[in-house]
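Below is the file work34.pdb, which contains PDB, C-alpha atoms, pLDDT in the B column.
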ATOM      1  CA  MET L   1     -89.271  26.495 142.710  1.00 47.00           C
ATOM      2  CA  LEU L   2     -90.888  27.944 145.837  1.00 48.00           C
ATOM      3  CA  SER L   3     -92.203  30.968 143.955  1.00 48.00           C
ATOM      4  CA  SER L   4     -93.953  28.739 141.414  1.00 52.00           C
ATOM      5  CA  LEU L   5     -95.729  26.924 144.251  1.00 52.00           C
ATOM      6  CA  VAL L   6     -96.982  30.086 145.899  1.00 52.00           C
ATOM      7  CA  GLY L   7     -97.448  32.215 142.802  1.00 58.00           C
ATOM      8  CA  LEU L   8     -95.396  35.054 144.258  1.00 64.00           C
ATOM      9  CA  ASP L   9     -91.770  35.969 143.799  1.00 67.00           C
ATOM     10  CA  LEU L  10     -90.456  35.357 147.294  1.00 69.00           C
ATOM     11  CA  SER L  11     -86.811  35.710 146.289  1.00 71.00           C
ATOM     12  CA  VAL L  12     -87.059  39.328 147.419  1.00 76.00           C
ATOM     13  CA  LEU L  13     -86.989  37.969 150.990  1.00 75.00           C
ATOM     14  CA  ALA L  14     -83.498  36.590 150.358  1.00 74.00           C
ATOM     15  CA  ILE L  15     -82.361  39.958 149.035  1.00 76.00           C
ATOM     16  CA  LEU L  16     -83.841  41.718 152.073  1.00 81.00           C
ATOM     17  CA  ALA L  17     -82.391  39.174 154.545  1.00 81.00           C
ATOM     18  CA  PRO L  18     -80.028  41.700 156.220  1.00 84.00           C
ATOM     19  CA  TYR L  19     -82.880  44.111 156.880  1.00 89.00           C
ATOM     20  CA  ILE L  20     -85.172  41.308 158.034  1.00 87.00           C
ATOM     21  CA  LEU L  21     -82.454  40.153 160.444  1.00 87.00           C
ATOM     22  CA  ILE L  22     -82.098  43.683 161.815  1.00 88.00           C
ATOM     23  CA  LEU L  23     -85.882  43.981 162.198  1.00 88.00           C
ATOM     24  CA  GLY L  24     -85.993  40.627 163.980  1.00 88.00           C
ATOM     25  CA  GLY L  25     -83.163  41.708 166.278  1.00 88.00           C
ATOM     26  CA  VAL L  26     -84.928  44.951 167.157  1.00 87.00           C
ATOM     27  CA  VAL L  27     -88.203  43.156 167.918  1.00 86.00           C
ATOM     28  CA  ALA L  28     -86.430  40.465 169.972  1.00 84.00           C
ATOM     29  CA  LEU L  29     -84.651  43.128 172.023  1.00 83.00           C
ATOM     30  CA  ALA L  30     -87.919  45.071 172.356  1.00 81.00           C
ATOM     31  CA  LYS L  31     -89.496  41.979 173.893  1.00 76.00           C
ATOM     32  CA  LEU L  32     -86.577  41.942 176.337  1.00 74.00           C
ATOM     33  CA  ALA L  33     -87.072  45.627 177.087  1.00 71.00           C
ATOM     34  CA  GLY L  34     -90.770  44.966 177.657  1.00 69.00           C
ATOM     35  CA  VAL L  35     -89.852  42.545 180.441  1.00 66.00           C
ATOM     36  CA  PHE L  36     -87.699  45.017 182.359  1.00 69.00           C
ATOM     37  CA  ALA L  37     -88.894  48.500 181.356  1.00 68.00           C
ATOM     38  CA  LYS L  38     -91.626  50.227 183.316  1.00 70.00           C
ATOM     39  CA  GLY L  39     -93.979  53.068 182.439  1.00 70.00           C
ATOM     40  CA  THR L  40     -94.233  54.472 178.929  1.00 71.00           C
ATOM     41  CA  ALA L  41     -91.047  52.790 177.744  1.00 65.00           C
ATOM     42  CA  GLY L  42     -92.386  49.422 178.861  1.00 65.00           C
ATOM     43  CA  THR L  43     -95.686  50.050 177.093  1.00 72.00           C
ATOM     44  CA  VAL L  44     -93.924  50.983 173.844  1.00 71.00           C
ATOM     45  CA  ALA L  45     -91.632  47.965 174.120  1.00 66.00           C
ATOM     46  CA  LYS L  46     -94.591  45.661 174.726  1.00 67.00           C
ATOM     47  CA  ALA L  47     -96.404  47.177 171.724  1.00 71.00           C
ATOM     48  CA  VAL L  48     -93.374  46.504 169.522  1.00 70.00           C
ATOM     49  CA  GLY L  49     -93.121  43.027 171.031  1.00 64.00           C
ATOM     50  CA  PHE L  50     -96.763  42.390 170.114  1.00 69.00           C
ATOM     51  CA  PHE L  51     -95.760  42.519 166.470  1.00 82.00           C
ATOM     52  CA  GLY L  52     -93.130  39.892 167.226  1.00 81.00           C
ATOM     53  CA  PHE L  53     -95.451  37.128 166.046  1.00 83.00           C
ATOM     54  CA  PHE L  54     -95.822  38.710 162.608  1.00 88.00           C
ATOM     55  CA  VAL L  55     -92.134  39.575 162.380  1.00 87.00           C
ATOM     56  CA  GLY L  56     -91.413  35.985 163.368  1.00 86.00           C
ATOM     57  CA  LEU L  57     -93.523  34.776 160.449  1.00 88.00           C
ATOM     58  CA  VAL L  58     -91.529  37.027 158.110  1.00 88.00           C
ATOM     59  CA  LEU L  59     -88.277  35.700 159.589  1.00 88.00           C
ATOM     60  CA  LEU L  60     -89.415  32.109 159.061  1.00 87.00           C
ATOM     61  CA  ALA L  61     -90.494  32.796 155.482  1.00 86.00           C
ATOM     62  CA  ALA L  62     -87.187  34.517 154.730  1.00 86.00           C
ATOM     63  CA  GLY L  63     -85.298  31.630 156.336  1.00 84.00           C
ATOM     64  CA  VAL L  64     -87.076  29.110 154.124  1.00 84.00           C
ATOM     65  CA  VAL L  65     -86.450  31.204 151.000  1.00 83.00           C
ATOM     66  CA  VAL L  66     -82.771  31.661 151.865  1.00 82.00           C
ATOM     67  CA  PHE L  67     -82.388  27.950 152.605  1.00 82.00           C
ATOM     68  CA  LEU L  68     -84.150  26.797 149.429  1.00 82.00           C
ATOM     69  CA  GLY L  69     -82.394  29.406 147.313  1.00 77.00           C
ATOM     70  CA  GLN L  70     -79.039  28.512 148.855  1.00 65.00           C
ATOM     71  CA  THR L  71     -78.069  32.166 148.581  1.00 60.00           C
ATOM     72  CA  ALA L  72     -76.483  32.530 151.988  1.00 55.00           C
ATOM     73  CA  ASN L  73     -74.526  30.704 154.615  1.00 70.00           C
ATOM     74  CA  PHE L  74     -75.759  28.592 157.475  1.00 76.00           C
ATOM     75  CA  GLU L  75     -75.625  31.451 159.961  1.00 77.00           C
ATOM     76  CA  VAL L  76     -78.067  33.572 157.941  1.00 81.00           C
ATOM     77  CA  TRP L  77     -80.874  31.070 157.504  1.00 80.00           C
ATOM     78  CA  GLY L  78     -80.155  29.519 160.902  1.00 83.00           C
ATOM     79  CA  LEU L  79     -80.597  32.869 162.635  1.00 85.00           C
ATOM     80  CA  LEU L  80     -83.686  33.642 160.574  1.00 85.00           C
ATOM     81  CA  VAL L  81     -85.353  30.339 161.437  1.00 85.00           C
ATOM     82  CA  VAL L  82     -84.360  30.124 165.110  1.00 87.00           C
ATOM     83  CA  THR L  83     -85.278  33.733 165.867  1.00 87.00           C
ATOM     84  CA  GLY L  84     -88.501  33.366 163.886  1.00 87.00           C
ATOM     85  CA  LEU L  85     -89.403  30.249 165.881  1.00 86.00           C
ATOM     86  CA  GLY L  86     -88.637  32.077 169.124  1.00 85.00           C
ATOM     87  CA  LEU L  87     -90.953  34.920 168.174  1.00 84.00           C
ATOM     88  CA  VAL L  88     -93.742  32.699 166.801  1.00 84.00           C
ATOM     89  CA  LEU L  89     -93.833  29.701 169.138  1.00 81.00           C
ATOM     90  CA  LYS L  90     -94.139  31.604 172.415  1.00 77.00           C
ATOM     91  CA  PRO L  91     -97.544  33.214 171.676  1.00 76.00           C
ATOM     92  CA  LEU L  92     -98.680  30.337 169.468  1.00 76.00           C
ATOM     93  CA  SER L  93     -98.154  27.823 172.254  1.00 75.00           C
ATOM     94  CA  GLN L  94    -100.932  29.521 174.241  1.00 76.00           C
ATOM     95  CA  VAL L  95    -103.568  28.360 171.734  1.00 78.00           C
ATOM     96  CA  PRO L  96    -104.975  24.855 172.484  1.00 82.00           C
ATOM     97  CA  PHE L  97    -104.637  23.510 168.933  1.00 84.00           C
ATOM     98  CA  SER L  98    -104.987  19.871 169.944  1.00 87.00           C
ATOM     99  CA  ALA L  99    -108.372  20.510 171.561  1.00 89.00           C
ATOM    100  CA  LEU L 100    -109.561  22.588 168.624  1.00 89.00           C
ATOM    101  CA  LEU L 101    -108.450  19.985 166.080  1.00 90.00           C
ATOM    102  CA  GLY L 102    -109.999  17.178 168.142  1.00 91.00           C
ATOM    103  CA  LEU L 103    -113.272  19.079 168.353  1.00 91.00           C
ATOM    104  CA  ALA L 104    -113.231  19.721 164.607  1.00 92.00           C
ATOM    105  CA  ALA L 105    -112.478  16.054 163.790  1.00 92.00           C
ATOM    106  CA  GLY L 106    -115.211  14.797 166.122  1.00 91.00           C
ATOM    107  CA  LEU L 107    -117.778  17.250 164.778  1.00 91.00           C
ATOM    108  CA  ALA L 108    -116.831  16.394 161.185  1.00 92.00           C
ATOM    109  CA  CYS L 109    -117.235  12.653 161.775  1.00 90.00           C
ATOM    110  CA  ALA L 110    -120.525  13.003 163.625  1.00 88.00           C
ATOM    111  CA  GLY L 111    -121.804  15.507 161.067  1.00 87.00           C
ATOM    112  CA  LEU L 112    -120.892  13.308 158.105  1.00 88.00           C
ATOM    113  CA  LEU L 113    -122.619  10.343 159.720  1.00 84.00           C
ATOM    114  CA  TYR L 114    -125.712  12.441 160.444  1.00 83.00           C
ATOM    115  CA  TRP L 115    -125.946  13.915 156.937  1.00 86.00           C
ATOM    116  CA  TYR L 116    -124.936  10.967 154.769  1.00 82.00           C
ATOM    117  CA  PHE L 117    -126.018   7.985 156.874  1.00 78.00           C
ATOM    118  CA  PRO L 118    -128.849   9.162 159.136  1.00 79.00           C
ATOM    119  CA  LEU L 119    -129.664   6.675 161.852  1.00 72.00           C
ATOM    120  CA  PRO L 120    -133.147   5.710 162.973  1.00 76.00           C
ATOM    121  CA  GLU L 121    -134.389   6.740 166.415  1.00 73.00           C
ATOM    122  CA  THR L 122    -132.850   3.621 167.996  1.00 71.00           C
ATOM    123  CA  VAL L 123    -130.313   1.069 166.777  1.00 69.00           C
ATOM    124  CA  LEU L 124    -130.372  -2.314 168.569  1.00 79.00           C
ATOM    125  CA  GLY L 125    -132.197  -0.688 171.445  1.00 75.00           C
ATOM    126  CA  ILE L 126    -129.617   2.112 171.797  1.00 72.00           C
ATOM    127  CA  SER L 127    -130.587   5.708 171.217  1.00 76.00           C
ATOM    128  CA  SER L 128    -129.000   7.143 168.068  1.00 75.00           C
ATOM    129  CA  LEU L 129    -127.807  10.124 170.133  1.00 79.00           C
ATOM    130  CA  TRP L 130    -125.414   7.805 171.974  1.00 81.00           C
ATOM    131  CA  ILE L 131    -124.083   6.458 168.683  1.00 80.00           C
ATOM    132  CA  TYR L 132    -123.557   9.992 167.373  1.00 83.00           C
ATOM    133  CA  PHE L 133    -121.815  10.831 170.652  1.00 86.00           C
ATOM    134  CA  VAL L 134    -119.448   7.842 170.322  1.00 87.00           C
ATOM    135  CA  VAL L 135    -118.775   8.715 166.664  1.00 86.00           C
ATOM    136  CA  PHE L 136    -117.916  12.227 167.846  1.00 90.00           C
ATOM    137  CA  LEU L 137    -115.853  11.179 170.863  1.00 92.00           C
ATOM    138  CA  VAL L 138    -113.599   8.484 169.397  1.00 92.00           C
ATOM    139  CA  PRO L 139    -112.016  10.555 166.577  1.00 93.00           C
ATOM    140  CA  ALA L 140    -111.948  13.628 168.805  1.00 93.00           C
ATOM    141  CA  VAL L 141    -109.917  11.828 171.472  1.00 93.00           C
ATOM    142  CA  ILE L 142    -107.588  10.198 168.936  1.00 92.00           C
ATOM    143  CA  VAL L 143    -106.861  13.485 167.150  1.00 91.00           C
ATOM    144  CA  PHE L 144    -106.478  15.286 170.485  1.00 92.00           C
ATOM    145  CA  LEU L 145    -103.913  12.781 171.744  1.00 91.00           C
ATOM    146  CA  ILE L 146    -101.921  12.823 168.519  1.00 89.00           C
ATOM    147  CA  PHE L 147    -101.704  16.598 168.373  1.00 88.00           C
ATOM    148  CA  LYS L 148    -101.246  17.077 172.121  1.00 89.00           C
ATOM    149  CA  PHE L 149     -97.723  15.677 171.818  1.00 87.00           C
ATOM    150  CA  ALA L 150     -96.905  18.129 169.017  1.00 84.00           C
ATOM    151  CA  GLU L 151     -98.489  20.967 171.009  1.00 84.00           C
ATOM    152  CA  ASP L 152     -96.420  20.121 174.086  1.00 86.00           C
ATOM    153  CA  LEU L 153     -93.252  19.997 171.982  1.00 85.00           C
ATOM    154  CA  ALA L 154     -94.060  23.410 170.511  1.00 83.00           C
ATOM    155  CA  LYS L 155     -94.764  24.750 174.003  1.00 84.00           C
ATOM    156  CA  PHE L 156     -91.418  23.386 175.245  1.00 87.00           C
ATOM    157  CA  PHE L 157     -89.429  24.906 172.370  1.00 85.00           C
ATOM    158  CA  GLY L 158     -91.412  28.135 172.667  1.00 81.00           C
ATOM    159  CA  MET L 159     -90.563  28.273 176.371  1.00 83.00           C
ATOM    160  CA  ILE L 160     -86.854  27.851 175.625  1.00 85.00           C
ATOM    161  CA  LEU L 161     -86.541  29.973 172.483  1.00 81.00           C
ATOM    162  CA  GLY L 162     -88.971  32.621 173.742  1.00 78.00           C
ATOM    163  CA  SER L 163     -87.263  33.125 177.110  1.00 79.00           C
ATOM    164  CA  TRP L 164     -85.752  36.546 177.589  1.00 80.00           C
ATOM    165  CA  PRO L 165     -82.092  35.425 177.857  1.00 84.00           C
ATOM    166  CA  VAL L 166     -82.299  33.449 174.614  1.00 85.00           C
ATOM    167  CA  MET L 167     -84.231  36.240 172.879  1.00 85.00           C
ATOM    168  CA  ALA L 168     -81.607  38.750 174.003  1.00 86.00           C
ATOM    169  CA  VAL L 169     -78.777  36.678 172.537  1.00 88.00           C
ATOM    170  CA  LEU L 170     -80.706  35.989 169.340  1.00 87.00           C
ATOM    171  CA  GLY L 171     -81.600  39.672 169.014  1.00 86.00           C
ATOM    172  CA  LEU L 172     -77.992  40.770 169.354  1.00 88.00           C
ATOM    173  CA  LEU L 173     -76.821  38.095 166.917  1.00 88.00           C
ATOM    174  CA  CYS L 174     -79.480  39.130 164.396  1.00 87.00           C
ATOM    175  CA  LEU L 175     -78.499  42.783 164.663  1.00 86.00           C
ATOM    176  CA  ALA L 176     -74.805  41.969 164.259  1.00 87.00           C
ATOM    177  CA  GLN L 177     -75.305  39.534 161.367  1.00 87.00           C
ATOM    178  CA  GLY L 178     -77.711  41.885 159.569  1.00 87.00           C
ATOM    179  CA  ALA L 179     -75.326  44.828 159.886  1.00 87.00           C
ATOM    180  CA  LEU L 180     -72.380  42.699 158.766  1.00 85.00           C
ATOM    181  CA  LEU L 181     -74.303  41.413 155.738  1.00 82.00           C
ATOM    182  CA  LEU L 182     -74.833  44.996 154.632  1.00 84.00           C
ATOM    183  CA  ILE L 183     -71.040  45.351 154.310  1.00 85.00           C
ATOM    184  CA  ASN L 184     -70.621  41.856 152.776  1.00 81.00           C
ATOM    185  CA  GLN L 185     -69.261  40.270 155.930  1.00 78.00           C
ATOM    186  CA  SER L 186     -70.507  37.584 158.266  1.00 77.00           C
ATOM    187  CA  LEU L 187     -70.166  36.639 161.919  1.00 74.00           C
ATOM    188  CA  LEU L 188     -68.478  33.353 161.107  1.00 73.00           C
ATOM    189  CA  ALA L 189     -66.007  35.061 158.759  1.00 73.00           C
ATOM    190  CA  ILE L 190     -65.064  37.609 161.413  1.00 75.00           C
ATOM    191  CA  PHE L 191     -64.423  34.929 164.017  1.00 72.00           C
ATOM    192  CA  GLY L 192     -62.550  32.800 161.463  1.00 64.00           C
ATOM    193  CA  LEU L 193     -64.967  29.872 161.499  1.00 61.00           C
TER     194      LEU L 193
END
Mind turning this structure into structure tokens?
Amino acid sequence: MLSSLVGLDLSVLAILAPYILILGGVVALAKLAGVFAKGTAGTVAKAVGFFGFFVGLVLLAAGVVVFLGQTANFEVWGLLVVTGLGLVLKPLSQVPFSALLGLAAGLACAGLLYWYFPLPETVLGISSLWIYFVVFLVPAVIVFLIFKFAEDLAKFFGMILGSWPVMAVLGLLCLAQGALLLINQSLLAIFGL
């Protein structure tokens, strides 16, 4: 179903889930090493951690494919999604999406009014520039306020999931689960859950 929507066969992500988990674990632990390591080792760890955003996107995509394909247990897609969110949300929360979306909405509204319904020099004694400004400002503020809440939520979850203690635990769990999947085992099965 998902592959027909995208036009690609994404089921390969479910097959590669153990390797993707191991890659995610390595990158998560590299981000941890980048916090504490100094010198060349710290630089290498930070370089590996830089790719964490892209690895996080792969983890999220694999988590969605595994969930929709129902080919694995809860711990597989749960680890894929949570670790992917931890790697993606931390750097993504630094971008002011609400301001950018508000600016785009305001410019679109003012631009559409200007192109499709051009105003005369003055309307009821008010300069048309002020009307264009109000048409820009009102949707911009509304869109900004709506998305600011979502941005703050993403920042909060990124702060929690992207913190080094959580990333360390998630990295170790990903490494363990990925290695166990390669031998047809699982963390929950080992602990009898």
Could you list, as a ChimeraX atom specification, every residue matched by the PyMOL selection byres ((chain L and resi 158) around 9) in this structure? /L:85-93,153-157,159-163
With a distance cut-off of 6 Å and all atoms listed in the file, select the neighbouring residues of region 136-140 of chain L, excluding the residue or stretch itself and same-chain residues fewer than 3 positions from it, and output the selection as an mmCIF file with C-alpha atoms, in the frame of the given file.
data_model
loop_
_atom_site.group_PDB
_atom_site.id
_atom_site.type_symbol
_atom_site.label_atom_id
_atom_site.label_comp_id
_atom_site.auth_asym_id
_atom_site.auth_seq_id
_atom_site.Cartn_x
_atom_site.Cartn_y
_atom_site.Cartn_z
ATOM 1 C CA GLY L 102 -109.999 17.178 168.142
ATOM 2 C CA LEU L 103 -113.272 19.079 168.353
ATOM 3 C CA ALA L 105 -112.478 16.054 163.790
ATOM 4 C CA GLY L 106 -115.211 14.797 166.122
ATOM 5 C CA LEU L 107 -117.778 17.250 164.778
ATOM 6 C CA ALA L 110 -120.525 13.003 163.625
ATOM 7 C CA PHE L 133 -121.815 10.831 170.652
ATOM 8 C CA VAL L 143 -106.861 13.485 167.150
ATOM 9 C CA PHE L 144 -106.478 15.286 170.485
#
From the list L:Leu145, L:Ile190, L:Val27, L:Leu180, the nearest residue to Phe53 (chain L) using only C-alpha atoms is L:Val27
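Put simply, CA of Ile22 (chain L) is 19.8 Å away from CA of Phe191 (chain L).
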Could you tell me which residues the PyMOL selection byres ((chain L and resi 78-81) around 12) returns for this structure, as a VMD selection string? chain L and resid 13 to 14 16 to 25 28 55 to 67 72 to 77 82 to 89 161 167 169 to 178 186 to 187
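Note that CA of Ser98 (chain L) and CA of Glu151 (chain L) are 6.7 Å apart.
When CA of Pro118 (chain L) is paired with CA of Leu101 (chain L), their separation reads 24.1 Å.
With all atoms listed in the file as the atoms that count, the residue of L:Gly69, L:Gln94, L:Val26, L:Asn184 with the shortest distance to Val48 (chain L) is L:Val26.
Of the listed residues (L:Ala179, L:Leu119, L:Ile15, L:Ala189), L:Leu119 comes nearest to Tyr132 (chain L); the distances count all atoms listed in the file.
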Taking the structure I provided as the source, export region 72-86 of chain L with C-alpha atoms, as a PDB file, in the first residue's frame.
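Saved as part.pdb:
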ATOM      1  CA  ALA L  72       7.976  -7.051  13.142  1.00  0.00           C
ATOM      2  CA  ASN L  73       7.167  -6.628  16.780  1.00  0.00           C
ATOM      3  CA  PHE L  74       6.496  -3.478  18.726  1.00  0.00           C
ATOM      4  CA  GLU L  75      10.082  -3.163  19.918  1.00  0.00           C
ATOM      5  CA  VAL L  76      11.447  -2.974  16.362  1.00  0.00           C
ATOM      6  CA  TRP L  77       9.258  -0.210  14.985  1.00  0.00           C
ATOM      7  CA  GLY L  78       9.127   1.511  18.374  1.00  0.00           C
ATOM      8  CA  LEU L  79      12.915   1.727  18.523  1.00  0.00           C
ATOM      9  CA  LEU L  80      13.096   2.825  14.897  1.00  0.00           C
ATOM     10  CA  VAL L  81      10.585   5.632  15.397  1.00  0.00           C
ATOM     11  CA  VAL L  82      11.755   6.864  18.809  1.00  0.00           C
ATOM     12  CA  THR L  83      15.438   6.856  17.869  1.00  0.00           C
ATOM     13  CA  GLY L  84      14.622   8.461  14.521  1.00  0.00           C
ATOM     14  CA  LEU L  85      12.659  11.207  16.285  1.00  0.00           C
ATOM     15  CA  GLY L  86      15.544  11.748  18.699  1.00  0.00           C
TER      16      GLY L  86
END
